[in-house]
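my_file.txt follows; it contains compact mmCIF, C-alpha atoms.
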```
# COMPACT_ATOMS: atom_id res chain seq x y z
CA MET A 75 155.77 141.13 161.53
CA THR A 76 157.19 144.62 161.09
CA GLN A 77 154.85 147.39 160.04
CA LEU A 78 156.23 147.26 156.49
CA GLN A 79 155.58 143.51 156.32
CA GLN A 80 152.03 144.11 157.54
CA LEU A 81 151.53 146.72 154.82
CA ILE A 82 152.83 144.32 152.17
CA THR A 83 150.54 141.55 153.47
CA ILE A 84 147.50 143.85 153.33
CA GLY A 85 148.63 145.04 149.88
CA MET A 86 148.70 141.43 148.65
CA VAL A 87 145.15 140.86 149.90
CA ILE A 88 144.01 144.04 148.10
CA LEU A 89 145.83 142.96 144.91
CA GLY A 90 144.29 139.47 145.01
CA THR A 91 140.78 140.79 145.61
CA VAL A 92 141.00 143.47 142.90
CA LEU A 93 142.40 140.90 140.43
CA THR A 94 139.46 138.51 140.92
CA ARG A 95 136.99 141.38 140.45
CA PHE A 96 138.58 143.07 137.42
CA LEU A 97 139.86 140.05 135.47
CA PRO A 98 136.65 139.21 133.54
CA PHE A 99 136.26 142.87 132.52
CA LEU A 100 139.89 143.04 131.34
CA LEU A 101 139.65 139.75 129.41
CA PHE A 102 136.34 140.66 127.75
CA PRO A 103 136.38 144.45 127.25
CA ALA A 104 133.13 146.24 126.43
CA GLY A 105 134.36 147.36 122.99
CA LYS A 106 134.88 143.84 121.65
CA PRO A 107 132.22 141.15 121.11
CA THR A 108 132.16 138.71 124.05
CA PRO A 109 132.64 135.03 123.04
CA ARG A 110 129.33 133.15 122.89
CA TYR A 111 130.36 130.64 125.54
CA ILE A 112 131.10 133.48 127.99
CA GLN A 113 127.76 135.17 127.12
CA TYR A 114 126.05 131.86 127.82
CA LEU A 115 127.87 131.56 131.16
CA GLY A 116 126.90 135.14 132.03
CA ASN A 117 123.27 134.11 131.54
CA VAL A 118 123.22 130.84 133.46
CA LEU A 119 125.89 131.37 136.12
CA PRO A 120 123.92 133.73 138.44
CA SER A 121 121.25 131.13 139.31
CA ALA A 122 123.98 128.62 140.14
CA VAL A 123 126.02 131.22 142.04
CA PHE A 124 123.07 132.19 144.26
CA GLY A 125 122.69 128.48 145.08
CA LEU A 126 126.40 128.38 145.92
CA LEU A 127 126.04 131.47 148.14
CA VAL A 128 123.15 129.92 150.10
CA ILE A 129 125.26 126.82 150.77
CA TYR A 130 128.26 129.04 151.54
CA CYS A 131 126.26 130.87 154.25
CA LEU A 132 125.20 127.57 155.81
CA LYS A 133 128.61 125.90 155.50
CA ASN A 134 129.40 125.93 159.23
CA VAL A 135 126.15 124.23 160.26
CA ASN A 136 126.95 120.92 161.92
CA LEU A 137 124.17 118.34 161.81
CA PHE A 138 125.80 116.08 164.38
CA THR A 139 126.68 118.44 167.22
CA GLY A 140 125.18 121.46 169.01
CA SER A 141 121.66 122.29 167.85
CA HIS A 142 121.98 119.93 164.82
CA GLY A 143 121.15 122.66 162.32
CA ILE A 144 117.54 122.84 163.51
CA PRO A 145 117.45 126.66 163.99
CA GLU A 146 118.92 127.14 160.50
CA LEU A 147 116.41 124.72 158.98
CA LEU A 148 113.39 126.30 160.71
CA ALA A 149 114.44 129.90 160.01
CA THR A 150 115.24 129.14 156.36
CA ALA A 151 111.85 127.42 155.99
CA LEU A 152 110.17 130.53 157.44
CA VAL A 153 112.01 132.78 154.97
CA VAL A 154 110.79 130.59 152.09
CA ILE A 155 107.19 130.52 153.37
CA LEU A 156 107.07 134.28 154.04
CA HIS A 157 108.53 135.03 150.64
CA ARG A 158 106.14 132.72 148.80
CA TRP A 159 103.25 134.29 150.70
CA LYS A 160 103.91 138.04 150.57
CA ARG A 161 106.99 138.36 148.34
CA GLN A 162 108.21 141.35 150.37
CA MET A 163 111.98 141.11 150.52
CA LEU A 164 112.43 143.00 153.79
CA LEU A 165 109.61 141.14 155.54
CA SER A 166 111.01 137.71 154.57
CA ILE A 167 114.52 138.63 155.67
CA ALA A 168 113.48 140.30 158.95
CA GLY A 169 111.04 137.50 159.82
CA GLY A 170 113.58 134.76 159.23
CA THR A 171 116.34 136.58 161.12
CA LEU A 172 114.13 137.33 164.15
CA CYS A 173 112.98 133.71 164.23
CA TYR A 174 116.59 132.55 164.13
CA MET A 175 117.68 134.94 166.90
CA VAL A 176 114.84 133.81 169.17
CA LEU A 177 115.67 130.17 168.49
CA VAL A 178 119.40 130.43 169.24
CA GLN A 179 119.06 132.83 172.18
CA PHE A 180 116.14 131.37 174.09
CA ILE A 181 115.11 127.95 172.88
CA LEU A 182 117.79 125.75 171.35
CA MET B 796 121.70 170.69 135.70
CA ASN B 797 118.71 170.63 138.05
CA ASN B 798 117.24 167.75 136.11
CA HIS B 799 120.49 165.87 136.38
CA PHE B 800 120.61 166.36 140.14
CA TYR B 801 117.00 165.25 140.40
CA SER B 802 117.66 161.98 138.57
CA ILE B 803 120.65 161.25 140.83
CA GLN B 804 118.49 161.89 143.88
CA LYS B 805 115.81 159.60 142.50
CA ALA B 806 118.31 156.81 141.93
CA PHE B 807 119.52 157.18 145.51
CA ARG B 808 115.98 156.96 146.90
CA CYS B 809 115.34 153.87 144.81
CA ALA B 810 118.61 152.20 145.84
CA LEU B 811 118.41 152.85 149.60
CA PRO B 812 115.63 150.36 150.54
CA HIS B 813 117.41 147.60 148.63
CA THR B 814 120.43 148.02 150.89
CA LEU B 815 118.64 148.00 154.28
CA PRO B 816 119.11 144.26 154.98
CA ILE B 817 122.78 144.77 154.14
CA PHE B 818 122.97 147.63 156.61
CA ALA B 819 121.85 145.27 159.38
CA GLY B 820 124.15 142.49 158.24
CA PHE B 821 127.21 144.62 157.55
CA TRP B 822 126.97 146.57 160.79
CA PHE B 823 126.79 143.35 162.71
CA LEU B 824 129.58 141.64 160.80
CA GLY B 825 131.62 144.86 160.52
CA LEU B 826 131.39 145.49 164.27
CA THR B 827 132.35 141.88 164.92
CA TYR B 828 135.32 142.23 162.58
CA GLY B 829 136.45 145.52 164.19
CA ILE B 830 136.16 143.99 167.66
CA TYR B 831 138.11 140.94 166.51
CA MET B 832 140.94 143.18 165.28
CA ASN B 833 140.78 145.22 168.49
CA VAL B 834 141.10 142.20 170.76
CA SER B 835 143.84 140.80 168.48
CA GLY B 836 145.90 143.88 169.40
CA PHE B 837 145.48 146.11 166.32
CA SER B 838 144.73 149.84 166.38
CA PHE B 839 141.35 150.89 164.93
CA TRP B 840 143.25 152.23 161.90
CA TYR B 841 143.62 148.66 160.66
CA PRO B 842 139.91 147.74 160.36
CA CYS B 843 139.20 151.32 159.23
CA LEU B 844 141.63 151.26 156.29
CA MET B 845 141.27 147.55 155.49
CA SER B 846 137.47 147.78 155.26
CA LEU B 847 137.89 150.68 152.81
CA THR B 848 140.60 149.15 150.62
CA ILE B 849 139.87 145.39 150.68
CA PHE B 850 136.05 145.46 151.03
CA ALA B 851 135.65 141.68 151.01
CA GLY B 852 134.22 140.59 154.35
CA SER B 853 135.29 136.99 154.75
CA MET B 854 138.76 137.77 153.37
CA GLU B 855 139.28 140.51 155.96
CA PHE B 856 138.64 138.06 158.79
CA VAL B 857 141.24 135.75 157.25
CA THR B 858 143.68 138.67 156.94
CA VAL B 859 143.69 139.14 160.72
CA ALA B 860 145.03 135.60 161.09
CA LEU B 861 147.55 136.23 158.29
CA LEU B 862 148.82 139.40 160.03
CA LEU B 863 149.31 137.45 163.25
CA GLY B 864 151.28 134.69 161.46
CA ALA B 865 154.62 134.59 159.68
CA PHE B 866 155.34 136.99 156.79
CA ASN B 867 154.62 135.20 153.50
CA PRO B 868 153.33 137.57 150.78
CA LEU B 869 153.10 135.01 147.96
CA GLN B 870 151.09 132.59 150.05
CA THR B 871 148.85 135.51 151.07
CA LEU B 872 148.24 136.36 147.41
CA ALA B 873 147.49 132.73 146.50
CA LEU B 874 145.09 132.32 149.42
CA THR B 875 143.28 135.57 148.52
CA LEU B 876 142.87 134.46 144.89
CA MET B 877 141.39 131.16 146.06
CA ILE B 878 138.96 132.56 148.62
CA ASN B 879 137.82 135.32 146.25
CA ALA B 880 137.70 133.24 143.07
CA ARG B 881 133.89 133.41 143.11
CA HIS B 882 134.20 137.08 142.03
CA LEU B 883 135.24 135.78 138.60
CA PHE B 884 131.71 134.39 138.19
CA TYR B 885 130.21 137.72 139.29
CA GLY B 886 132.32 139.59 136.75
CA ILE B 887 131.25 137.30 133.90
CA SER B 888 127.60 137.82 134.91
CA MET B 889 127.97 141.61 135.12
CA LEU B 890 129.84 142.18 131.82
CA ASP B 891 126.63 143.45 130.21
CA LYS B 892 124.98 145.13 133.20
CA TYR B 893 127.96 147.35 134.00
CA LYS B 894 128.30 148.38 130.35
CA GLY B 895 127.76 152.09 129.72
CA SER B 896 128.13 153.16 133.35
CA GLY B 897 131.03 155.46 132.39
CA TRP B 898 133.37 156.69 135.11
CA LYS B 899 131.43 154.74 137.73
CA LYS B 900 132.40 151.41 136.19
CA PRO B 901 135.83 150.98 137.88
CA TYR B 902 134.24 151.68 141.26
CA LEU B 903 131.32 149.30 140.57
CA ILE B 904 133.84 146.55 139.79
CA PHE B 905 136.05 147.42 142.77
CA GLY B 906 133.06 147.27 145.13
CA MET B 907 131.55 144.08 143.70
CA CYS B 908 131.22 142.11 146.94
CA ASP B 909 128.70 139.23 147.26
CA GLU B 910 125.96 141.61 148.38
CA SER B 911 126.50 144.42 145.82
CA PHE B 912 126.62 141.84 143.04
CA SER B 913 123.45 140.08 144.21
CA ILE B 914 121.41 143.28 144.44
CA ASN B 915 122.72 144.85 141.26
CA TYR B 916 122.11 141.64 139.35
CA THR B 917 118.58 140.89 140.58
CA ALA B 918 117.02 144.31 141.31
CA ASP B 919 114.21 145.33 138.96
CA ILE B 920 115.30 148.89 138.34
CA PRO B 921 112.34 150.98 137.09
CA ALA B 922 112.76 152.35 133.57
CA ASP B 923 112.83 155.99 134.73
CA ILE B 924 115.74 155.37 137.13
CA ASP B 925 119.32 155.87 135.95
CA ARG B 926 120.79 152.34 136.11
CA GLY B 927 124.38 153.50 136.52
CA TRP B 928 123.60 155.73 139.50
CA PHE B 929 121.36 153.08 141.07
CA MET B 930 124.14 150.48 141.00
CA PHE B 931 126.65 153.11 142.11
CA PHE B 932 124.61 153.97 145.22
CA VAL B 933 123.97 150.30 146.08
CA THR B 934 127.74 149.72 145.98
CA LEU B 935 128.62 152.95 147.80
CA LEU B 936 126.06 152.43 150.59
CA ASN B 937 127.25 148.86 151.16
CA HIS B 938 130.82 150.12 151.25
CA LEU B 939 129.89 152.79 153.83
CA TYR B 940 127.99 150.33 156.04
CA TRP B 941 130.93 147.94 156.10
CA PHE B 942 133.49 150.72 156.66
CA SER B 943 131.55 152.41 159.49
CA GLY B 944 130.76 149.11 161.22
CA ALA B 945 134.37 147.92 161.09
CA THR B 946 135.75 151.27 162.26
CA LEU B 947 133.30 151.59 165.16
CA GLY B 948 134.06 148.02 166.18
CA GLY B 949 137.77 148.83 166.12
CA ILE B 950 137.31 151.94 168.27
CA PHE B 951 134.79 150.68 170.81
CA GLY B 952 135.68 147.00 170.54
CA SER B 953 136.40 146.33 174.17
CA LEU B 954 133.35 148.26 175.42
CA ILE B 955 130.64 146.59 173.37
CA HIS B 956 128.75 143.61 174.73
CA PHE B 957 126.50 141.74 172.36
CA ASP B 958 123.13 140.27 172.99
CA THR B 959 122.61 140.17 169.25
CA LYS B 960 123.53 136.50 168.87
CA GLY B 961 122.14 135.15 165.63
CA LEU B 962 121.83 138.48 163.82
CA ASP B 963 124.35 137.23 161.25
CA PHE B 964 121.55 135.04 159.87
CA VAL B 965 120.35 138.19 158.08
CA MET B 966 122.90 137.46 155.32
CA THR B 967 121.72 133.85 154.92
CA ALA B 968 118.10 135.02 154.80
CA MET B 969 118.99 137.61 152.16
CA PHE B 970 120.71 135.10 149.89
CA VAL B 971 117.79 132.67 150.28
CA VAL B 972 115.40 135.45 149.19
CA ILE B 973 117.64 136.43 146.26
CA PHE B 974 117.88 132.77 145.22
CA MET B 975 114.05 132.58 145.28
CA GLU B 976 113.63 135.82 143.32
CA GLN B 977 115.92 134.47 140.62
CA TRP B 978 114.05 131.12 140.76
CA MET B 979 110.68 132.81 140.18
CA LYS B 980 112.04 134.80 137.24
CA GLU B 981 113.39 131.89 135.23
CA LYS B 982 111.45 129.38 133.16
CA GLN B 983 113.47 126.36 134.15
CA HIS B 984 115.70 125.69 137.10
CA LYS B 985 118.49 123.46 135.89
CA SER B 986 121.18 126.02 136.62
CA ALA B 987 119.81 126.88 140.09
CA LEU B 988 119.55 123.19 140.99
CA ILE B 989 123.07 122.55 139.72
CA GLY B 990 124.33 125.40 141.92
CA LEU B 991 122.58 124.10 145.04
CA GLY B 992 123.23 120.41 144.49
CA VAL B 993 126.84 120.60 143.35
CA SER B 994 127.77 123.03 146.16
CA LEU B 995 126.14 120.83 148.77
CA ALA B 996 127.87 117.71 147.43
CA CYS B 997 131.24 119.51 147.42
CA LEU B 998 130.65 120.81 150.95
CA ILE B 999 130.06 117.27 152.18
CA LEU B 1000 133.03 115.89 150.21
CA PHE B 1001 135.63 118.61 150.84
CA GLY B 1002 134.52 120.28 154.08
CA ALA B 1003 133.64 123.91 154.92
CA ASP B 1004 137.13 125.35 154.35
CA ASN B 1005 137.93 123.77 150.99
CA PHE B 1006 134.73 123.37 149.01
CA ILE B 1007 134.51 126.64 147.04
CA ILE B 1008 137.07 125.90 144.30
CA PRO B 1009 135.86 122.30 143.66
CA ALA B 1010 132.26 123.57 143.69
CA MET B 1011 133.05 126.32 141.16
CA SER B 1012 134.88 123.88 138.87
CA ALA B 1013 132.07 121.33 139.07
CA ILE B 1014 129.41 124.02 138.39
CA LEU B 1015 131.35 125.19 135.31
CA ALA B 1016 131.69 121.61 134.10
CA ALA B 1017 128.01 120.84 134.65
CA LEU B 1018 126.84 124.04 132.94
CA THR B 1019 129.14 123.36 130.00
CA ILE B 1020 127.95 119.74 129.60
CA PHE B 1021 124.29 120.77 129.85
CA CYS B 1022 124.93 123.80 127.63
CA LYS B 1023 122.35 123.11 124.91
CA PRO B 1024 119.27 122.09 126.95
CA ILE B 1025 119.59 125.05 129.32
CA LYS B 1026 120.16 127.60 126.57
CA LYS B 1027 116.67 127.11 125.15
CA GLY B 1028 114.62 127.53 128.31
CA GLU B 1029 116.64 130.33 129.90
CA ILE B 1030 115.31 133.88 130.13
CA LYS B 1031 117.18 136.35 127.97
CA PRO B 1032 118.41 139.51 129.64
```

Once you've parsed the file, please lay out its structure as C-alpha cells.
Amino acid sequence: MTQLQQLITIGMVILGTVLTRFLPFLLFPAGKPTPRYIQYLGNVLPSAVFGLLVIYCLKNVNLFTGSHGIPELLATALVVILHRWKRQMLLSIAGGTLCYMVLVQFIL
Amino acid sequence: MNNHFYSIQKAFRCALPHTLPIFAGFWFLGLTYGIYMNVSGFSFWYPCLMSLTIFAGSMEFVTVALLLGAFNPLQTLALTLMINARHLFYGISMLDKYKGSGWKKPYLIFGMCDESFSINYTADIPADIDRGWFMFFVTLLNHLYWFSGATLGGIFGSLIHFDTKGLDFVMTAMFVVIFMEQWMKEKQHKSALIGLGVSLACLILFGADNFIIPAMSAILAALTIFCKPIKKGEIKP
C-alpha cells in the first residue's frame, strides 16, 4: 500500500467507528420525543449488552485444548465471590486478575 | 468562576477511581497494540495517531492486518461497521444519559468505547457531582490511557519484554463486575439472562470471529418478543 492508500484505509476505519457511535443520536435527536420502542430498548438493552460483553471477553477460550478454560473459570468465579462478599469494584477486579495471572504463569 | 472550577475538580476526583481498572487494562492492551504495530514495521506515529482518532481497541488490532493486506477501502468500511455494530446498542442506551451535556456531548459520543460506555452507564454519580463533567473525564482519561499505552508501545516496542502474561484478564474481570452491578440493581433478570444465553449460543454456533452480529440480532428479537413481561419488572431510570 502507498502512504495515501494507508491514510484512506485508516480514514475508512475512523468513518465506520464514528458512524456506529453517532447514528443513534442522529436518528433520535434530543429535541424530538424518542419512539417508545427505542426508549424501551434503551432501558433493557444494557443488561443484555453487559452479558454479551462478558461472553465477548471469553470468546477465545477453548474448552478442548490448552488449559481447557480452567483458569478463566476459576478467576471468574473468584471475581463473582469477591464481589458478592465485599462489593468493592477494584478489589474484585484486582483479585480476579491476580488469580488469573498466577494460574497462567505458574500453575496451568 | 471559582465555584465552577471547584465543581470541575470535584467531578475529576470522583471520576478518576472509576477509571483505574481501565488504566491497567488499557496500558497493557495499548502497549501490546503499539508493539504489534512496531514489529509489523510501522513507525510509532501510526499507533499514536490511530489510538487518538479511532479509539476502538479491537478494531485497531484488525486495522494492522488491513494495512498489511491489499487496498480495499469499501471492504474496510464494511468490516468496521460489522465489528463496531455493538456501539449502536450503546448509543440507544445513552440517548437519555448524554442529554444536556452541552458541548461535551460530541466528544462523549466519539469516545464511547466499551469501557467508557460501561462506566458512564452504571456509575452511581453522587447528586452533588456534575454529571456532564464526570462522564467527560471518564471518557477523556480512558482516551489518554489508550493513547499513551499505544504510543509508548510503538516507541519502545522492540525493547519491552513482558512477564505480565494474563494481565489482559483485567478487562474480563471488569465486565463481570459491571454485569453483576447491573444484575443487583434490577428487579428481574430476563434481559441479562437473554444477553448471556443468546451470546453464548451464538458463540458456539457461529464461532469467535462471527458471532457478534447474529448475537445482536437474536438479542433484539428476544427483547422485542418478550417486550411486555420485561417492561413491568424493569427499573426505571

Inset, instruction - Taking only C-alpha atoms into account, report as a VMD selection string which residues of chain B lie within 7 Å of chain A. - result: chain B and resid 816 848 to 849 862 865 to 866 868 871 to 872 875 to 876 879 to 880 882 to 884 886 to 888 890 894 904 to 905 907 960 to 962 964 to 965 967 to 972 974 977 986 to 987 989 to 991 994 to 995 1003

Legend entry - Exercise: Trp822 in chain B partners within 9 Å, only C-alpha atoms, chain neighbours under 6 positions left out, as a PyMOL selection string: chain B and resi 940-945

Legend entry - Spatial neighbours of range 831-846 of chain B, max dist 6 Å, all atoms listed in the file, sep filter under 4 positions, as a PyMOL selection string: chain B and resi 850+942+945-946+949-950+952

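Distance-wise, CA of Leu874 in chain B and CA of Leu1015 in chain B end up 20.9 Å apart.
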
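CA of Gly825 in chain B sits 28.5 Å away from CA of Cys997 in chain B.
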
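Compared by their closest atoms to Leu954 in chain B, and using only C-alpha atoms, the residues B:His813, B:Ile830, B:Thr934, B:Ala819 rank with B:Ile830 nearest.
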
Legend entry - Distance in Å - CA of Thr827 in chain B versus CA of Leu903 in chain B: 25.5 Å

Legend entry - 8 Å contact set for Phe856 in chain B, all atoms listed in the file, chain neighbours under 4 positions out, as a list in words: Tyr828, Gly852 and Ala860 of chain B
